[in-house]
Amino acid sequence: MSLKKNSLWSFFSSVKLTITLLALIVLVFIAATFLPAYEVFQTFTKQLSPGAAKVFLFLQLSDLYHSPLFYFLMTLLSLNLIICSINRFPALWKQYKAPHFPEPAGIFDSLPQSQIITGNKEISKIKPIVASCLKKNYGSSKEADTERGYLFYAERGRLSLFGVYIVHLSILVMIAGAIIGSIFGLTADINIKEGESVNVATLSKGNGIHKLDFSVRCDKFIVEFYEDGTPKTYRSDLSFIKNGQVERQGTLLVNHPISFDGFRFYQYSYGAAPDIKAIVTYTTAGKKGGSMALAAGDTFDLPGSKARGFVLRVEENIMQRGPAIKLRIISPKKDIQFWVFQQLDQLIAMNPNLLTEVPMFNPGLFTPFVFSIDRIEQHYYTGLHLVRDPGVPLVALGGLLMIAGMIIVFLMSYQRFWVRMKQEGAKISISIAGWSNRNNQQLQNKIDYLCRRIKEEIKA
Amino acid sequence: MNHTMILSWVTFIYFASFVLYLFRLISGKEFWGRAASFLAWVGLAAQTIALLLRWKNSYDLGMGHVPLANLYESMIFFAWAIILIYLIIEWRTKSKIIGAFVVPMAFLAMAYASISPDINNRIAPLIPALQSNWLTSHVVTCFMGYAAFAIAFGCGLIYLLKNMEKGDVEKPAGFLGRLPALATLDTLIYQSTALGFVFLTIGIMTGSIWAHYAWGSYWSWDPKETWSLITWLIYAIMLHSRFVRGWRGKRMAILALIGFACVLFTYLGVNYLPGMHSYLQA
């Protein structure tokens, strides 16, 4: 039992596993970016055998990022990270708690000549010089009188030993944030027509809806363009209404989400609302008749006649000829259909024979009524994306930890210095040795600097 | 003189500098090296001025945005970053050899940006999604990272070239003898990879913060996001195999090449896959 546990433990604590897992994850990612999206995928699977299609669907090849395979690899990686960290901790702790003395065995053997200074002064006079030199550069120093000689010790950056831990911890924190986000988070979309308010959102995943505790009203939607036609601004003026009260009003722009009641709102899309209306006026035998707001599907009566009108189509711009509506008018004697163009005068100016060639374009086809379009009323709807993600603070914390950890890993190191003084005949020999967990060049520079300083101080 | 003119001159200057670095490499005379790096500094200064002019120009046109908003501008900035990081390394190491391998990359980026018919060099207005303060920090950090990786790639190439001929034994004379020592190259590969890795990490994070504000999610598995993560993982593997398993030399050089191939795919290849980073399509 314990053997089994041990072998499992050592499996998860190997760096080989880490590198294998990272390589596998890379392969999954590469496959995921090249595999087609779900829609394309469905047409593909139709041509495959049903068996192969099942396998493809089971492995979720169209969305590998949310597939069991990817979750499995990420779980292994997290376990690997945690177990590696636990496994290495005792050794690291030992390093952290390492005693200043005795110095690591053999550290003073085979030192280059440049790291050994000889002096003629008495040992008691040199001691304070060395101590003050170390103190000036490293804050403090320790001393010990041993049979190997009189020893000084100084160090810097001991906490940097934990840099790698911070980076690895940051990855776990981010994974935790992502998991929390995917379990407790929610993304949904709402389309709101100008002037209307909505309190139900369509969930992005699946077909469900989410009822909000408040409603959102779109007071106005504006889209602006640059001269060359590229979009410049998408802007929604929103009001958030809770318990019948407008609690917050704000302008929503791309890149500037609005937060309300635990949700963040994003400007996502926009479009023309389908309920386009034409303000139509008519004259009866030259005299001013009436005015109506008509949408497709509406019916209307014409006063003074038994006719009934049906609105077949309302178009904002038909065949580049501007706004138009198509009417059908049924009276006991007639059943006719014709178009009413807003810019009829311009059309006739372009083609004077238009009405004889195409009688259907004559707005006075149902005599004695003549119709014309005053204006078109079209509303926009704004497409909002709303997100609730309680994992974001953890992910952000993970990001900060990672940067901090990387700065420690790449820019700092734990450096330890020992200075040994020994009476050799009439002279005193001072040896300076060092140890670092990385970046030996920097350590060497520091040792050289210390040697120079001590030499100068002794001379003075 | 407008910025487009200056940039075409800069392209030419980088080419000339590359040729001089080659002279230095082949002849071994320090004079050519000094001339080459003088030209590279001149090119960098001129390019900086051109970038500032383009920036000002965009304000004159009423658009007012940092020149980092499309494929052309990012290419130019990439070249600028390569030269900047290279010159700093040259100044610190006092070696003018790797210039012959790094400066041509900046030249190619400049030339590709101005010659390719798919790349539009017009100053275009910013669409709403790009109107963010995160644009600058995201693009700058990413491309500084890419540039550092480009230098690791250059050093990796030299390493393999030198290694190919004579294994790990150093031989003083000849053309290959003038290349930097293998140990120096190994250190340079490691240092520029580490630098690039930190920049790429910050670049991915700033991108993530931006996506949080623009798209509503800090991570959407957009192909460019995924490929930047692939690149990050490749370099993470590279650094781990050095730290933990003690890999050095040839293996690191090969990983530097693989990593840079990923960088190029993340930068250019991904644009052919559908996704949300389509601002770079010309």
# chains A, B, ... in the order shown; residues from 1 in each chain; ligands from 1

call {"tool": "interface_residues", "arguments": {"of": "chain B", "to": "chain A", "cutoff": "8 Å", "atoms": "only C-alpha atoms", "output": "ChimeraX atom specification"}}
result
/B:125-129,131-132,194,198,201-202,205,210,213-216,221,223,226-227,230,233-234,237,244,273

call {"tool": "residues_around", "arguments": {"residues": "Gly250 of chain A", "least_positions_apart": "2", "cutoff": "9 Å", "atoms": "only C-alpha atoms", "output": "ChimeraX atom specification"}}
result
/A:236-240,248,252,258

call {"tool": "write_last_selection", "arguments": {"atoms": "C-alpha atoms", "output": "PDB file, in the first residue's frame"}}
result
ATOM      1  CA  SER A 236     -25.902  53.263 -25.509  1.00  0.00           C
ATOM      2  CA  ASP A 237     -27.443  55.524 -22.902  1.00  0.00           C
ATOM      3  CA  LEU A 238     -28.790  53.173 -20.280  1.00  0.00           C
ATOM      4  CA  SER A 239     -30.931  53.447 -17.174  1.00  0.00           C
ATOM      5  CA  PHE A 240     -30.915  50.745 -14.538  1.00  0.00           C
ATOM      6  CA  ARG A 248     -28.266  54.493 -12.118  1.00  0.00           C
ATOM      7  CA  LEU A 252     -22.035  52.534 -22.269  1.00  0.00           C
ATOM      8  CA  ILE A 258     -20.810  49.615 -16.703  1.00  0.00           C
TER       9      ILE A 258
END

call {"tool": "select_by_dssp", "arguments": {"residues": "segment 256-427 of chain A", "states": "alpha helix (DSSP H)", "output": "NGL selection string"}}
result
:A and (344-350 or 354-357 or 392-411)

call {"tool": "closest_residue", "arguments": {"among": "A:Leu134, A:Ile190, A:Ala31, A:Met74", "to": "Ile447 of chain A", "atoms": "only C-alpha atoms"}}
result
A:Leu134

call {"tool": "closest_residue", "arguments": {"among": "B:Phe197, B:Ala148, B:Leu71, B:Phe15", "to": "Ile89 of chain B", "atoms": "only C-alpha atoms"}}
result
B:Ala148

call {"tool": "residues_around", "arguments": {"residues": "segment 86-88 of chain A", "least_positions_apart": "5", "cutoff": "10 Å", "atoms": "only C-alpha atoms", "output": "PDB file with all heavy atoms, in the first residue's frame"}}
result
ATOM      1  N   TRP A   9       3.167   9.008  -5.778  1.00  0.00           N
ATOM      2  CA  TRP A   9       3.715  10.288  -5.316  1.00  0.00           C
ATOM      3  C   TRP A   9       4.915  10.694  -6.174  1.00  0.00           C
ATOM      4  O   TRP A   9       5.009  11.822  -6.645  1.00  0.00           O
ATOM      5  CB  TRP A   9       4.110  10.169  -3.846  1.00  0.00           C
ATOM      6  CG  TRP A   9       4.546  11.448  -3.232  1.00  0.00           C
ATOM      7  CD1 TRP A   9       5.825  11.912  -3.113  1.00  0.00           C
ATOM      8  CD2 TRP A   9       3.708  12.464  -2.669  1.00  0.00           C
ATOM      9  NE1 TRP A   9       5.835  13.124  -2.510  1.00  0.00           N
ATOM     10  CE2 TRP A   9       4.536  13.496  -2.229  1.00  0.00           C
ATOM     11  CE3 TRP A   9       2.317  12.599  -2.503  1.00  0.00           C
ATOM     12  CZ2 TRP A   9       4.043  14.650  -1.629  1.00  0.00           C
ATOM     13  CZ3 TRP A   9       1.831  13.745  -1.902  1.00  0.00           C
ATOM     14  CH2 TRP A   9       2.686  14.755  -1.475  1.00  0.00           C
ATOM     15  N   SER A  10       5.808   9.745  -6.414  1.00  0.00           N
ATOM     16  CA  SER A  10       7.010  10.118  -7.165  1.00  0.00           C
ATOM     17  C   SER A  10       6.665  10.380  -8.629  1.00  0.00           C
ATOM     18  O   SER A  10       7.300  11.206  -9.287  1.00  0.00           O
ATOM     19  CB  SER A  10       8.086   9.042  -7.044  1.00  0.00           C
ATOM     20  OG  SER A  10       7.635   7.854  -7.630  1.00  0.00           O
ATOM     21  N   PHE A  12       3.932  11.898  -9.608  1.00  0.00           N
ATOM     22  CA  PHE A  12       3.414  13.260  -9.683  1.00  0.00           C
ATOM     23  C   PHE A  12       4.444  14.318  -9.318  1.00  0.00           C
ATOM     24  O   PHE A  12       4.226  15.501  -9.538  1.00  0.00           O
ATOM     25  CB  PHE A  12       2.192  13.403  -8.769  1.00  0.00           C
ATOM     26  CG  PHE A  12       0.922  13.018  -9.441  1.00  0.00           C
ATOM     27  CD1 PHE A  12       0.180  11.940  -9.019  1.00  0.00           C
ATOM     28  CD2 PHE A  12       0.473  13.750 -10.538  1.00  0.00           C
ATOM     29  CE1 PHE A  12      -0.994  11.586  -9.664  1.00  0.00           C
ATOM     30  CE2 PHE A  12      -0.695  13.394 -11.180  1.00  0.00           C
ATOM     31  CZ  PHE A  12      -1.429  12.316 -10.744  1.00  0.00           C
ATOM     32  N   SER A  13       5.549  13.891  -8.702  1.00  0.00           N
ATOM     33  CA  SER A  13       6.502  14.913  -8.287  1.00  0.00           C
ATOM     34  C   SER A  13       7.657  15.058  -9.279  1.00  0.00           C
ATOM     35  O   SER A  13       8.621  15.727  -8.990  1.00  0.00           O
ATOM     36  CB  SER A  13       7.031  14.580  -6.898  1.00  0.00           C
ATOM     37  OG  SER A  13       7.715  13.361  -6.944  1.00  0.00           O
ATOM     38  N   SER A  14       7.528  14.433 -10.460  1.00  0.00           N
ATOM     39  CA  SER A  14       8.670  14.522 -11.378  1.00  0.00           C
ATOM     40  C   SER A  14       8.514  15.689 -12.346  1.00  0.00           C
ATOM     41  O   SER A  14       7.406  16.019 -12.782  1.00  0.00           O
ATOM     42  CB  SER A  14       8.823  13.208 -12.149  1.00  0.00           C
ATOM     43  OG  SER A  14       7.911  13.193 -13.219  1.00  0.00           O
ATOM     44  N   ASN A  80       0.433  17.962 -10.245  1.00  0.00           N
ATOM     45  CA  ASN A  80       1.878  17.922 -10.421  1.00  0.00           C
ATOM     46  C   ASN A  80       2.535  19.133  -9.760  1.00  0.00           C
ATOM     47  O   ASN A  80       3.526  19.014  -9.025  1.00  0.00           O
ATOM     48  CB  ASN A  80       2.166  17.875 -11.927  1.00  0.00           C
ATOM     49  CG  ASN A  80       3.642  17.829 -12.257  1.00  0.00           C
ATOM     50  OD1 ASN A  80       4.107  18.611 -13.048  1.00  0.00           O
ATOM     51  ND2 ASN A  80       4.370  16.921 -11.640  1.00  0.00           N
ATOM     52  N   LEU A  81       1.948  20.314  -9.991  1.00  0.00           N
ATOM     53  CA  LEU A  81       2.494  21.547  -9.418  1.00  0.00           C
ATOM     54  C   LEU A  81       2.451  21.494  -7.895  1.00  0.00           C
ATOM     55  O   LEU A  81       3.437  21.809  -7.222  1.00  0.00           O
ATOM     56  CB  LEU A  81       1.634  22.723  -9.877  1.00  0.00           C
ATOM     57  CG  LEU A  81       2.197  23.631 -10.946  1.00  0.00           C
ATOM     58  CD1 LEU A  81       1.204  24.713 -11.295  1.00  0.00           C
ATOM     59  CD2 LEU A  81       3.488  24.242 -10.455  1.00  0.00           C
ATOM     60  N   TRP A  93      13.327  24.711   2.694  1.00  0.00           N
ATOM     61  CA  TRP A  93      13.271  25.214   4.062  1.00  0.00           C
ATOM     62  C   TRP A  93      14.639  25.065   4.737  1.00  0.00           C
ATOM     63  O   TRP A  93      15.095  25.934   5.457  1.00  0.00           O
ATOM     64  CB  TRP A  93      12.182  24.471   4.838  1.00  0.00           C
ATOM     65  CG  TRP A  93      11.892  25.080   6.169  1.00  0.00           C
ATOM     66  CD1 TRP A  93      12.128  24.536   7.396  1.00  0.00           C
ATOM     67  CD2 TRP A  93      11.327  26.374   6.418  1.00  0.00           C
ATOM     68  NE1 TRP A  93      11.748  25.399   8.384  1.00  0.00           N
ATOM     69  CE2 TRP A  93      11.244  26.538   7.817  1.00  0.00           C
ATOM     70  CE3 TRP A  93      10.885  27.409   5.583  1.00  0.00           C
ATOM     71  CZ2 TRP A  93      10.733  27.688   8.409  1.00  0.00           C
ATOM     72  CZ3 TRP A  93      10.369  28.558   6.172  1.00  0.00           C
ATOM     73  CH2 TRP A  93      10.298  28.685   7.569  1.00  0.00           C
ATOM     74  N   TYR A 165       8.382  29.544  -5.991  1.00  0.00           N
ATOM     75  CA  TYR A 165       7.131  29.159  -5.341  1.00  0.00           C
ATOM     76  C   TYR A 165       6.024  30.147  -5.643  1.00  0.00           C
ATOM     77  O   TYR A 165       4.876  29.767  -5.854  1.00  0.00           O
ATOM     78  CB  TYR A 165       7.336  29.035  -3.824  1.00  0.00           C
ATOM     79  CG  TYR A 165       7.739  27.653  -3.447  1.00  0.00           C
ATOM     80  CD1 TYR A 165       9.039  27.219  -3.645  1.00  0.00           C
ATOM     81  CD2 TYR A 165       6.807  26.755  -2.959  1.00  0.00           C
ATOM     82  CE1 TYR A 165       9.409  25.939  -3.346  1.00  0.00           C
ATOM     83  CE2 TYR A 165       7.158  25.468  -2.653  1.00  0.00           C
ATOM     84  CZ  TYR A 165       8.466  25.050  -2.852  1.00  0.00           C
ATOM     85  OH  TYR A 165       8.809  23.768  -2.565  1.00  0.00           O
TER      86      TYR A 165
END

call {"tool": "residues_around", "arguments": {"residues": "Phe11 of chain A", "least_positions_apart": "5", "cutoff": "10 Å", "atoms": "only C-alpha atoms", "output": "list in words"}}
result
Lys5, Asn6, Lys16, Leu17, Asn80, Ile83 and Cys84 of chain A

call {"tool": "residues_around", "arguments": {"residues": "Gln47 of chain B", "least_positions_apart": "4", "cutoff": "10 Å", "atoms": "only C-alpha atoms", "output": "number ranges by chain"}}
result
B: 3, 6-11, 41-43, 51-53, 76-77, 79-80

call {"tool": "write_last_selection", "arguments": {"atoms": "C-alpha atoms", "output": "compact mmCIF listing (two decimals), in the first residue's frame"}}
result
# COMPACT_ATOMS: atom_id res chain seq x y z
CA HIS B 3 7.60 59.90 -41.98
CA ILE B 6 12.20 58.57 -43.41
CA LEU B 7 11.04 54.99 -42.93
CA SER B 8 12.14 54.01 -46.44
CA TRP B 9 15.53 55.52 -45.67
CA VAL B 10 15.64 53.62 -42.38
CA THR B 11 14.98 50.37 -44.26
CA TRP B 41 22.21 53.91 -34.11
CA VAL B 42 21.48 56.44 -36.89
CA GLY B 43 18.70 54.18 -38.18
CA LEU B 51 7.37 57.08 -35.40
CA LEU B 52 6.88 60.32 -33.47
CA LEU B 53 6.05 62.16 -36.70
CA ILE B 76 7.65 48.95 -37.92
CA PHE B 77 7.60 48.88 -34.13
CA ALA B 79 11.89 46.36 -36.22
CA TRP B 80 12.46 49.31 -33.89

call {"tool": "atom_distance", "arguments": {"atom1": "atom CA of Pro303 of chain A", "atom2": "atom CA of Phe371 of chain A"}}
result
13.7 Å

call {"tool": "residues_around", "arguments": {"residues": "Gly154 of chain B", "least_positions_apart": "4", "cutoff": "8 Å", "atoms": "only C-alpha atoms", "output": "PyMOL selection string"}}
result
chain B and resi 98+101-102+150+158

call {"tool": "write_last_selection", "arguments": {"atoms": "C-alpha atoms", "output": "JSON list (two decimals), in the first residue's frame"}}
result
[["chain", "number", "residue", "atom", "x", "y", "z"],
["B", 98, "ILE", "CA", 25.63, 38.94, -33.62],
["B", 101, "PHE", "CA", 22.33, 37.87, -37.68],
["B", 102, "VAL", "CA", 19.96, 40.22, -35.88],
["B", 150, "ALA", "CA", 14.17, 37.39, -32.19],
["B", 158, "ILE", "CA", 24.90, 31.33, -34.62]]

call {"tool": "residues_around", "arguments": {"residues": "Val419 of chain A", "least_positions_apart": "3", "cutoff": "6 Å", "atoms": "only C-alpha atoms", "output": "list in words"}}
result
Leu151, Phe152, Ser431 and Ile432 of chain A

call {"tool": "closest_residue", "arguments": {"among": "B:Leu185, B:Ile254, B:Ala16, B:Ala50", "to": "Phe38 of chain B", "atoms": "only C-alpha atoms"}}
result
B:Ala16

call {"tool": "closest_residue", "arguments": {"among": "A:Ala188, A:Met412, A:Leu35, A:Val223", "to": "Lys211 of chain A", "atoms": "only C-alpha atoms"}}
result
A:Ala188

call {"tool": "atom_distance", "arguments": {"atom1": "atom CA of Phe70 of chain A", "atom2": "atom CA of Ile175 of chain A"}}
result
13.0 Å

call {"tool": "select_by_dssp", "arguments": {"residues": "segment 267-386 of chain A", "states": "strand (DSSP E)", "output": "ChimeraX atom specification"}}
result
/A:267-272,277-284,287-295,299-301,308-315,324-330,335-341,369-377,380-386

call {"tool": "write_last_selection", "arguments": {"atoms": "C-alpha atoms", "output": "compact mmCIF listing (two decimals), in the first residue's frame"}}
result
# COMPACT_ATOMS: atom_id res chain seq x y z
CA GLN A 267 -21.57 47.19 -25.62
CA TYR A 268 -21.55 44.20 -27.95
CA SER A 269 -23.67 44.75 -31.03
CA TYR A 270 -26.50 46.75 -32.44
CA GLY A 271 -29.07 46.55 -35.18
CA ALA A 272 -32.20 48.01 -36.62
CA LYS A 277 -42.79 52.46 -39.27
CA ALA A 278 -43.71 54.79 -42.07
CA ILE A 279 -45.55 58.03 -41.37
CA VAL A 280 -47.95 58.10 -44.30
CA THR A 281 -50.17 60.95 -45.35
CA TYR A 282 -52.80 60.90 -48.08
CA THR A 283 -54.93 63.32 -49.99
CA THR A 284 -58.43 62.71 -51.20
CA LYS A 287 -57.68 67.75 -50.48
CA LYS A 288 -55.69 67.00 -47.39
CA GLY A 289 -56.74 63.67 -45.95
CA GLY A 290 -55.11 62.14 -42.94
CA SER A 291 -51.88 60.87 -41.49
CA MET A 292 -51.06 57.41 -40.12
CA ALA A 293 -48.09 55.60 -38.65
CA LEU A 294 -47.94 52.25 -40.40
CA ALA A 295 -45.87 49.14 -39.79
CA THR A 299 -54.52 47.52 -41.54
CA PHE A 300 -56.35 50.81 -41.92
CA ASP A 301 -59.65 52.19 -43.11
CA ARG A 308 -59.68 48.59 -46.31
CA GLY A 309 -55.91 48.95 -46.58
CA PHE A 310 -53.23 46.41 -45.71
CA VAL A 311 -49.58 47.27 -45.25
CA LEU A 312 -47.57 44.53 -46.97
CA ARG A 313 -44.05 45.91 -46.61
CA VAL A 314 -42.25 48.85 -45.06
CA GLU A 315 -38.73 49.33 -46.38
CA ALA A 324 -41.04 52.82 -49.63
CA ILE A 325 -44.13 50.93 -48.52
CA LYS A 326 -46.20 48.41 -50.35
CA LEU A 327 -49.97 48.68 -49.84
CA ARG A 328 -52.85 46.43 -50.74
CA ILE A 329 -56.28 48.03 -50.81
CA ILE A 330 -59.43 45.97 -50.99
CA ASP A 335 -58.22 44.56 -55.00
CA ILE A 336 -55.03 46.36 -55.92
CA GLN A 337 -51.42 46.49 -54.75
CA PHE A 338 -48.99 49.36 -55.29
CA TRP A 339 -45.82 50.94 -53.97
CA VAL A 340 -45.46 54.33 -52.36
CA PHE A 341 -42.00 55.87 -52.63
CA PHE A 369 -56.62 58.69 -52.76
CA VAL A 370 -52.96 59.67 -53.28
CA PHE A 371 -50.47 58.43 -50.70
CA SER A 372 -47.09 59.80 -49.77
CA ILE A 373 -44.48 59.02 -47.13
CA ASP A 374 -43.67 61.78 -44.73
CA ARG A 375 -40.81 60.03 -43.00
CA ILE A 376 -39.66 56.66 -41.82
CA GLU A 377 -39.39 55.95 -38.13
CA TYR A 380 -32.23 50.74 -33.18
CA TYR A 381 -31.73 48.03 -30.67
CA THR A 382 -28.54 47.81 -28.70
CA GLY A 383 -26.93 44.43 -28.07
CA LEU A 384 -25.53 44.17 -24.56
CA HIS A 385 -23.35 41.43 -23.16
CA LEU A 386 -23.54 40.95 -19.44
